[in-house]
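S.K.: Below is the file model_27.txt, with compact mmCIF, C-alpha atoms.
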```txt
# COMPACT_ATOMS: atom_id res chain seq x y z
CA MET A 1 5.83 24.65 -8.86
CA ASP A 2 9.36 23.50 -8.19
CA TYR A 3 9.95 22.78 -4.50
CA ARG A 4 12.93 25.17 -4.59
CA HIS A 5 10.53 28.00 -5.36
CA TYR A 6 7.94 26.94 -2.79
CA ASN A 7 9.57 28.68 0.17
CA ASP A 8 9.83 31.96 -1.77
CA PHE A 9 6.16 31.65 -2.70
CA ALA A 10 5.15 30.70 0.85
CA ASP A 11 7.17 33.57 2.33
CA LYS A 12 5.33 36.02 0.05
CA ILE A 13 2.01 34.61 1.29
CA ARG A 14 3.20 34.89 4.91
CA GLN A 15 3.93 38.60 4.36
CA HIS A 16 0.24 39.10 3.61
CA LYS A 17 -1.23 38.12 6.98
CA THR A 18 -4.80 38.49 5.76
CA LEU A 19 -4.20 36.12 2.85
CA LEU A 20 -2.52 33.59 5.14
CA LYS A 21 -5.44 33.80 7.58
CA CYS A 22 -7.84 33.36 4.67
CA ILE A 23 -6.04 30.17 3.56
CA HIS A 24 -6.20 28.75 7.09
CA PHE A 25 -9.83 29.80 7.54
CA LEU A 26 -10.95 28.25 4.23
CA ASN A 27 -9.08 25.04 5.03
CA ILE A 28 -11.02 24.73 8.28
CA LEU A 29 -14.33 26.05 6.93
CA ILE A 30 -14.52 23.77 3.89
CA THR A 31 -13.47 20.75 5.94
CA ALA A 32 -16.18 21.60 8.48
CA ALA A 33 -18.72 22.04 5.67
CA GLY A 34 -18.16 18.42 4.71
CA PHE A 35 -18.63 17.28 8.28
CA ILE A 36 -21.92 19.20 8.38
CA MET A 37 -23.28 18.49 4.90
CA TYR A 38 -22.86 14.71 4.95
CA PRO A 39 -24.88 14.21 8.15
CA ALA A 40 -27.39 16.77 6.84
CA LEU A 41 -28.00 14.56 3.79
CA LEU A 42 -28.38 11.52 6.03
CA VAL A 43 -30.87 13.36 8.23
CA PHE A 44 -32.78 14.39 5.10
CA TYR A 45 -33.12 10.74 4.05
CA LEU A 46 -34.06 9.74 7.58
CA ARG A 47 -36.75 12.42 7.89
CA GLN A 48 -38.18 11.49 4.48
CA ILE A 49 -38.32 7.87 5.67
CA MET A 50 -35.95 6.81 2.89
CA THR A 51 -34.18 4.15 4.89
CA GLY A 52 -32.94 2.31 1.80
CA ARG A 53 -31.31 5.48 0.47
CA LEU A 54 -29.93 6.17 3.93
CA LEU A 55 -28.29 2.74 4.16
CA VAL A 56 -26.73 2.94 0.69
CA THR A 57 -25.50 6.48 1.40
CA ILE A 58 -23.83 5.23 4.59
CA LEU A 59 -22.49 1.85 3.46
CA VAL A 60 -20.96 2.66 0.05
CA PRO A 61 -19.16 5.89 1.07
CA GLY A 62 -18.22 4.39 4.44
CA THR A 63 -16.65 1.36 2.78
CA ALA A 64 -14.78 3.57 0.30
CA PHE A 65 -13.57 5.90 3.07
CA ALA A 66 -12.27 2.91 5.04
CA ALA A 67 -10.57 1.50 1.92
CA VAL A 68 -8.88 4.84 1.17
CA SER A 69 -7.75 5.10 4.80
CA VAL A 70 -6.25 1.58 4.78
CA PHE A 71 -4.58 2.19 1.40
CA ARG A 72 -3.04 5.44 2.68
CA LYS A 73 -1.69 3.68 5.75
CA VAL A 74 -0.25 0.75 3.76
CA ARG A 75 1.26 2.92 1.00
CA ASN A 76 2.40 5.53 3.53
CA ALA A 77 3.41 8.09 0.89
CA PRO A 78 5.47 10.94 2.30
CA ARG A 79 4.18 14.50 2.38
CA PRO A 80 5.92 17.36 0.56
CA TYR A 81 7.43 18.72 3.77
CA GLU A 82 8.95 15.30 4.48
CA LEU A 83 10.70 15.01 1.12
CA TYR A 84 11.75 18.59 0.52
CA PRO A 85 13.16 21.35 2.70
CA ILE A 86 10.01 23.46 2.64
CA ARG A 87 8.14 25.42 5.30
CA PRO A 88 4.47 24.59 4.63
CA LEU A 89 1.80 27.26 5.02
CA ILE A 90 -0.42 24.76 6.82
CA SER A 91 1.26 23.34 9.90
CA LYS A 92 0.99 19.59 10.18
CA ASP A 93 2.95 17.13 12.28
CA LYS A 94 1.65 14.03 10.51
CA LYS A 95 4.14 11.82 8.72
CA GLY A 96 3.19 9.86 5.63
CA GLU A 97 -0.32 8.88 4.53
CA SER A 98 -0.37 11.65 1.93
CA PHE A 99 -1.75 9.72 -1.05
CA PRO A 100 -4.59 10.20 -1.85
CA SER A 101 -5.81 13.33 -0.10
CA ARG A 102 -8.60 12.22 2.24
CA HIS A 103 -9.79 15.82 2.66
CA THR A 104 -10.31 16.10 -1.09
CA PHE A 105 -11.75 12.58 -1.35
CA SER A 106 -14.30 13.38 1.35
CA ILE A 107 -15.49 16.76 0.12
CA MET A 108 -15.77 15.57 -3.50
CA LEU A 109 -17.68 12.47 -2.38
CA ILE A 110 -20.08 14.59 -0.34
CA ALA A 111 -20.42 17.05 -3.24
CA GLY A 112 -21.33 14.18 -5.57
CA LEU A 113 -23.89 12.78 -3.14
CA TRP A 114 -25.52 16.18 -2.83
CA PHE A 115 -25.33 16.73 -6.60
CA TYR A 116 -27.40 13.59 -7.07
CA GLN A 117 -30.00 14.71 -4.54
CA TYR A 118 -29.98 18.49 -5.10
CA PRO A 119 -27.60 19.76 -7.84
CA PRO A 120 -27.25 23.41 -6.68
CA VAL A 121 -25.79 22.31 -3.33
CA GLY A 122 -23.60 19.76 -5.08
CA ILE A 123 -22.18 22.40 -7.43
CA ILE A 124 -21.32 24.69 -4.52
CA LEU A 125 -19.62 21.79 -2.72
CA PHE A 126 -17.68 20.81 -5.87
CA LEU A 127 -16.37 24.39 -6.05
CA CYS A 128 -15.47 24.22 -2.36
CA GLY A 129 -13.68 20.93 -3.05
CA ALA A 130 -11.62 22.52 -5.82
CA VAL A 131 -10.65 25.36 -3.47
CA LEU A 132 -9.78 22.89 -0.70
CA GLY A 133 -7.60 20.85 -3.05
CA LEU A 134 -5.76 23.99 -4.13
CA ILE A 135 -5.28 25.05 -0.51
CA ARG A 136 -3.91 21.63 0.45
CA VAL A 137 -1.32 21.80 -2.37
CA LEU A 138 -0.41 25.46 -1.84
CA GLY A 139 -0.38 24.83 1.89
CA GLY A 140 2.41 22.30 1.37
CA VAL A 141 0.66 19.30 2.93
CA HIS A 142 -0.16 17.42 -0.30
CA PHE A 143 1.21 16.92 -3.75
CA LEU A 144 -0.99 17.72 -6.74
CA LYS A 145 -1.31 13.98 -7.51
CA ASP A 146 -2.68 13.39 -3.97
CA VAL A 147 -5.46 15.91 -4.57
CA ILE A 148 -6.20 14.74 -8.12
CA TRP A 149 -6.55 11.12 -7.01
CA GLY A 150 -8.62 12.18 -4.00
CA THR A 151 -10.93 13.98 -6.42
CA ILE A 152 -11.14 11.01 -8.81
CA LEU A 153 -11.83 8.51 -6.03
CA GLY A 154 -14.32 10.77 -4.24
CA THR A 155 -16.33 11.62 -7.34
CA GLY A 156 -16.10 8.01 -8.51
CA THR A 157 -17.49 6.76 -5.20
CA ALA A 158 -20.26 9.35 -5.41
CA ALA A 159 -21.08 8.17 -8.95
CA VAL A 160 -21.24 4.52 -7.84
CA THR A 161 -23.45 5.49 -4.90
CA ALA A 162 -25.73 7.58 -7.13
CA LEU A 163 -26.01 4.74 -9.65
CA MET A 164 -26.96 2.32 -6.90
CA LEU A 165 -29.54 4.78 -5.56
CA PHE A 166 -30.95 5.31 -9.06
CA LEU A 167 -31.20 1.59 -9.78
CA LEU A 168 -32.53 0.56 -6.38
CA PHE A 169 -34.72 3.55 -5.56
CA PRO A 170 -35.70 5.46 -8.71
CA MET A 171 -36.84 9.02 -8.06
CA THR A 172 -40.49 9.65 -8.72
```
How does the structure come out when it is put into structure tokens?
M.R.:
Amino acid sequence: MDYRHYNDFADKIRQHKTLLKCIHFLNILITAAGFIMYPALLVFYLRQIMTGRLLVTILVPGTAFAAVSVFRKVRNAPRPYELYPIRPLISKDKKGESFPSRHTFSIMLIAGLWFYQYPPVGIILFLCGAVLGLIRVLGGVHFLKDVIWGTILGTGTAAVTALMLFLLFPMT
């Protein structure tokens, strides 16, 4: 979508208050789901006395999250509302640090971790991640490339973590 058409699109969404509320609600709900589902997986490993799995599932994603955060700060890519005269659907005061989307990175990473442990939950979280990515772009707080790279890095980190878990602690 051309940035010149974004405000027309966003204004049409704003006219439908229920749709606008739905976008805001899903943005918060899916983000919260990640904050709930990651610790839930860690608690699962802890309760099953799988301390090795627990450590790998903390250290690899934690290191990747920190690396993405540092990269975002160093690169300091502007957000759509900083570059173009748009009125985003999702209000945000933050400047820069747009690339890659950390929201998308996080939910896709968590989806991948769950997919390795219990695929039905992982699939649901992947779908939630796709919706969140779409909301972040339509909401005007990220570019499509931010969300795509967040998805690639998140799922890639999940794949590396799953491979390490498989090699170090094969499922029986």
S.K.: Neighbours of Val141 of chain A within 7 Å (only C-alpha atoms; same-chain residues fewer than 6 positions away dropped), as JSON, numbers by chain?
M.R.: {"A": [79, 80, 81, 88, 90]}
S.K.: Using all atoms listed in the file, which residue out of A:Leu26, A:Leu19, A:Ala111, A:Met164 lies closest to Arg136 of chain A?
M.R.: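 Closest candidate: A:Leu26.
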S.K.: Rank nothing, just name the residue among A:Thr157, A:Thr104, A:Ser98, A:Gln15 nearest to Arg75 of chain A, using only C-alpha atoms.
M.R.: A:Ser98
S.K.: Taking (-13.5, 4.1, 2.2) in the file's coordinates as the center, which residues reach within 12 Å of it, counting all atoms listed in the file, put as an MDAnalysis selection string?
M.R.: chainID A and resid 58:72 100 102 105:106 109 150 153:154 156:158
S.K.: Quick one: distance from atom CA of Ser101 of chain A to atom CA of Val147 of chain A in Å, one decimal?
M.R.: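 Value for the atom CA of Ser101 of chain A-atom CA of Val147 of chain A distance: 5.2 Å.
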S.K.: Go through segment 35-153 of chain A residue by residue and, counting all atoms listed in the file, keep those with an atom at most 10 Å from segment 2-7 of chain A; for each kept residue give the shortest atom pair and its distance in Å to one decimal, ordered by chain and increasing number, as JSON lines.
M.R.:
```
{"residue": "A:Pro80", "atom": "CA", "partner": "A:Tyr3", "partner_atom": "CA", "distance": 8.4}
{"residue": "A:Tyr81", "atom": "CA", "partner": "A:Tyr3", "partner_atom": "CA", "distance": 9.6}
{"residue": "A:Leu83", "atom": "CA", "partner": "A:Tyr3", "partner_atom": "CA", "distance": 9.6}
{"residue": "A:Tyr84", "atom": "CA", "partner": "A:Tyr3", "partner_atom": "CA", "distance": 6.8}
{"residue": "A:Pro85", "atom": "CA", "partner": "A:Tyr3", "partner_atom": "CA", "distance": 8.0}
{"residue": "A:Ile86", "atom": "CA", "partner": "A:Asn7", "partner_atom": "CA", "distance": 5.8}
{"residue": "A:Arg87", "atom": "CA", "partner": "A:Asn7", "partner_atom": "CA", "distance": 6.2}
{"residue": "A:Pro88", "atom": "CA", "partner": "A:Asn7", "partner_atom": "CA", "distance": 7.9}
{"residue": "A:Leu89", "atom": "CA", "partner": "A:Asn7", "partner_atom": "CA", "distance": 9.3}
{"residue": "A:Leu138", "atom": "CA", "partner": "A:Tyr6", "partner_atom": "CA", "distance": 8.5}
{"residue": "A:Gly139", "atom": "CA", "partner": "A:Tyr6", "partner_atom": "CA", "distance": 9.8}
{"residue": "A:Gly140", "atom": "CA", "partner": "A:Tyr6", "partner_atom": "CA", "distance": 8.3}
```
S.K.: Residues at most 10 Å from Met37 of chain A, counting all atoms listed in the file, excluding those fewer than 6 positions away in the same chain, as number ranges by chain?
M.R.: A: 43, 107, 110-111, 113-114, 121, 125
S.K.: May I ask which of the residues A:Trp149, A:Phe115, A:Phe99, A:Phe143 is the closest one to Tyr38 of chain A, counting all atoms listed in the file?
M.R.: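 Residue with the minimum atom-to-atom distance to Tyr38 of chain A: A:Phe115.
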S.K.: Tell me, in Å to one decimal, how far atom CA of His103 of chain A is from atom CA of Leu163 of chain A.
M.R.: 23.2 Å
S.K.: To one decimal place in Å, what is the distance between atom CA of His24 of chain A and atom CA of Gly133 of chain A?
M.R.: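 Result for atom CA of His24 of chain A versus atom CA of Gly133 of chain A: 12.9 Å, one decimal.
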S.K.: Between A:Ile49, A:Ala33, A:Leu54, A:Ile148, which one has atoms that come closest to Cys128 of chain A, using all atoms listed in the file?
M.R.: A:Ala33
S.K.: Listed atoms of segment 99-108 of chain A, axis-aligned box, 6 Å per side: centre and edge lengths to one decimal in Å, as JSON?
M.R.:
```
{"center_x": -8.8, "center_y": 13.2, "center_z": -0.4, "size_x": 26.0, "size_y": 19.0, "size_z": 18.2}
```
S.K.: Nearest to Val160 of chain A: which of A:Leu42, A:Lys17, A:Asp146, A:Thr57 is it, counting only C-alpha atoms?
M.R.: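 Looking only at the distances to Val160 of chain A, the closest residue turns out to be A:Thr57.
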S.K.: Which polymer residues have any atom within 9 Å of an atom of Val131 of chain A, counting all atoms listed in the file, with same-chain residues fewer than 4 positions away left out, as an MDAnalysis selection string?
M.R.: chainID A and resid 26:27 30 126:127 135:136
S.K.: Which residue out of A:Thr51, A:Thr31, A:Thr18, A:Gln117 has the minimum interatomic distance to Ala159 of chain A when only C-alpha atoms are used?
M.R.: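 Among the listed residues, A:Gln117 lies closest to Ala159 of chain A.
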S.K.: Hey, could you patch up segment 15-30 of chain A with N, CA and C atoms and hand it over as an mmCIF file, in the frame of the given file?
M.R.:
```
data_model
loop_
_atom_site.group_PDB
_atom_site.id
_atom_site.type_symbol
_atom_site.label_atom_id
_atom_site.label_comp_id
_atom_site.auth_asym_id
_atom_site.auth_seq_id
_atom_site.Cartn_x
_atom_site.Cartn_y
_atom_site.Cartn_z
ATOM 1 N N GLN A 15 3.835 37.136 4.217
ATOM 2 C CA GLN A 15 3.930 38.600 4.360
ATOM 3 C C GLN A 15 2.557 39.254 4.322
ATOM 4 N N HIS A 16 1.619 38.582 3.683
ATOM 5 C CA HIS A 16 0.240 39.100 3.610
ATOM 6 C C HIS A 16 -0.591 38.333 4.643
ATOM 7 N N LYS A 17 -0.587 38.829 5.857
ATOM 8 C CA LYS A 17 -1.230 38.120 6.980
ATOM 9 C C LYS A 17 -2.693 37.794 6.700
ATOM 10 N N THR A 18 -3.390 38.727 6.044
ATOM 11 C CA THR A 18 -4.800 38.490 5.760
ATOM 12 C C THR A 18 -4.978 37.315 4.801
ATOM 13 N N LEU A 19 -4.138 37.234 3.796
ATOM 14 C CA LEU A 19 -4.200 36.120 2.850
ATOM 15 C C LEU A 19 -3.876 34.798 3.546
ATOM 16 N N LEU A 20 -2.877 34.798 4.394
ATOM 17 C CA LEU A 20 -2.520 33.590 5.140
ATOM 18 C C LEU A 20 -3.675 33.159 6.049
ATOM 19 N N LYS A 21 -4.291 34.114 6.727
ATOM 20 C CA LYS A 21 -5.440 33.800 7.580
ATOM 21 C C LYS A 21 -6.598 33.265 6.756
ATOM 22 N N CYS A 22 -6.781 33.808 5.564
ATOM 23 C CA CYS A 22 -7.840 33.360 4.670
ATOM 24 C C CYS A 22 -7.612 31.906 4.254
ATOM 25 N N ILE A 23 -6.376 31.547 3.934
ATOM 26 C CA ILE A 23 -6.040 30.170 3.560
ATOM 27 C C ILE A 23 -6.350 29.224 4.722
ATOM 28 N N HIS A 24 -5.945 29.596 5.914
ATOM 29 C CA HIS A 24 -6.200 28.750 7.090
ATOM 30 C C HIS A 24 -7.694 28.645 7.372
ATOM 31 N N PHE A 25 -8.396 29.783 7.271
ATOM 32 C CA PHE A 25 -9.830 29.800 7.540
ATOM 33 C C PHE A 25 -10.583 28.924 6.542
ATOM 34 N N LEU A 26 -10.265 29.056 5.242
ATOM 35 C CA LEU A 26 -10.950 28.250 4.230
ATOM 36 C C LEU A 26 -10.644 26.765 4.397
ATOM 37 N N ASN A 27 -9.430 26.439 4.777
ATOM 38 C CA ASN A 27 -9.080 25.040 5.030
ATOM 39 C C ASN A 27 -9.974 24.447 6.116
ATOM 40 N N ILE A 28 -10.169 25.195 7.176
ATOM 41 C CA ILE A 28 -11.020 24.730 8.280
ATOM 42 C C ILE A 28 -12.491 24.776 7.899
ATOM 43 N N LEU A 29 -12.917 25.868 7.271
ATOM 44 C CA LEU A 29 -14.330 26.050 6.930
ATOM 45 C C LEU A 29 -14.827 24.982 5.950
ATOM 46 N N ILE A 30 -14.073 24.742 4.891
ATOM 47 C CA ILE A 30 -14.520 23.770 3.890
ATOM 48 C C ILE A 30 -14.493 22.359 4.468
#
```
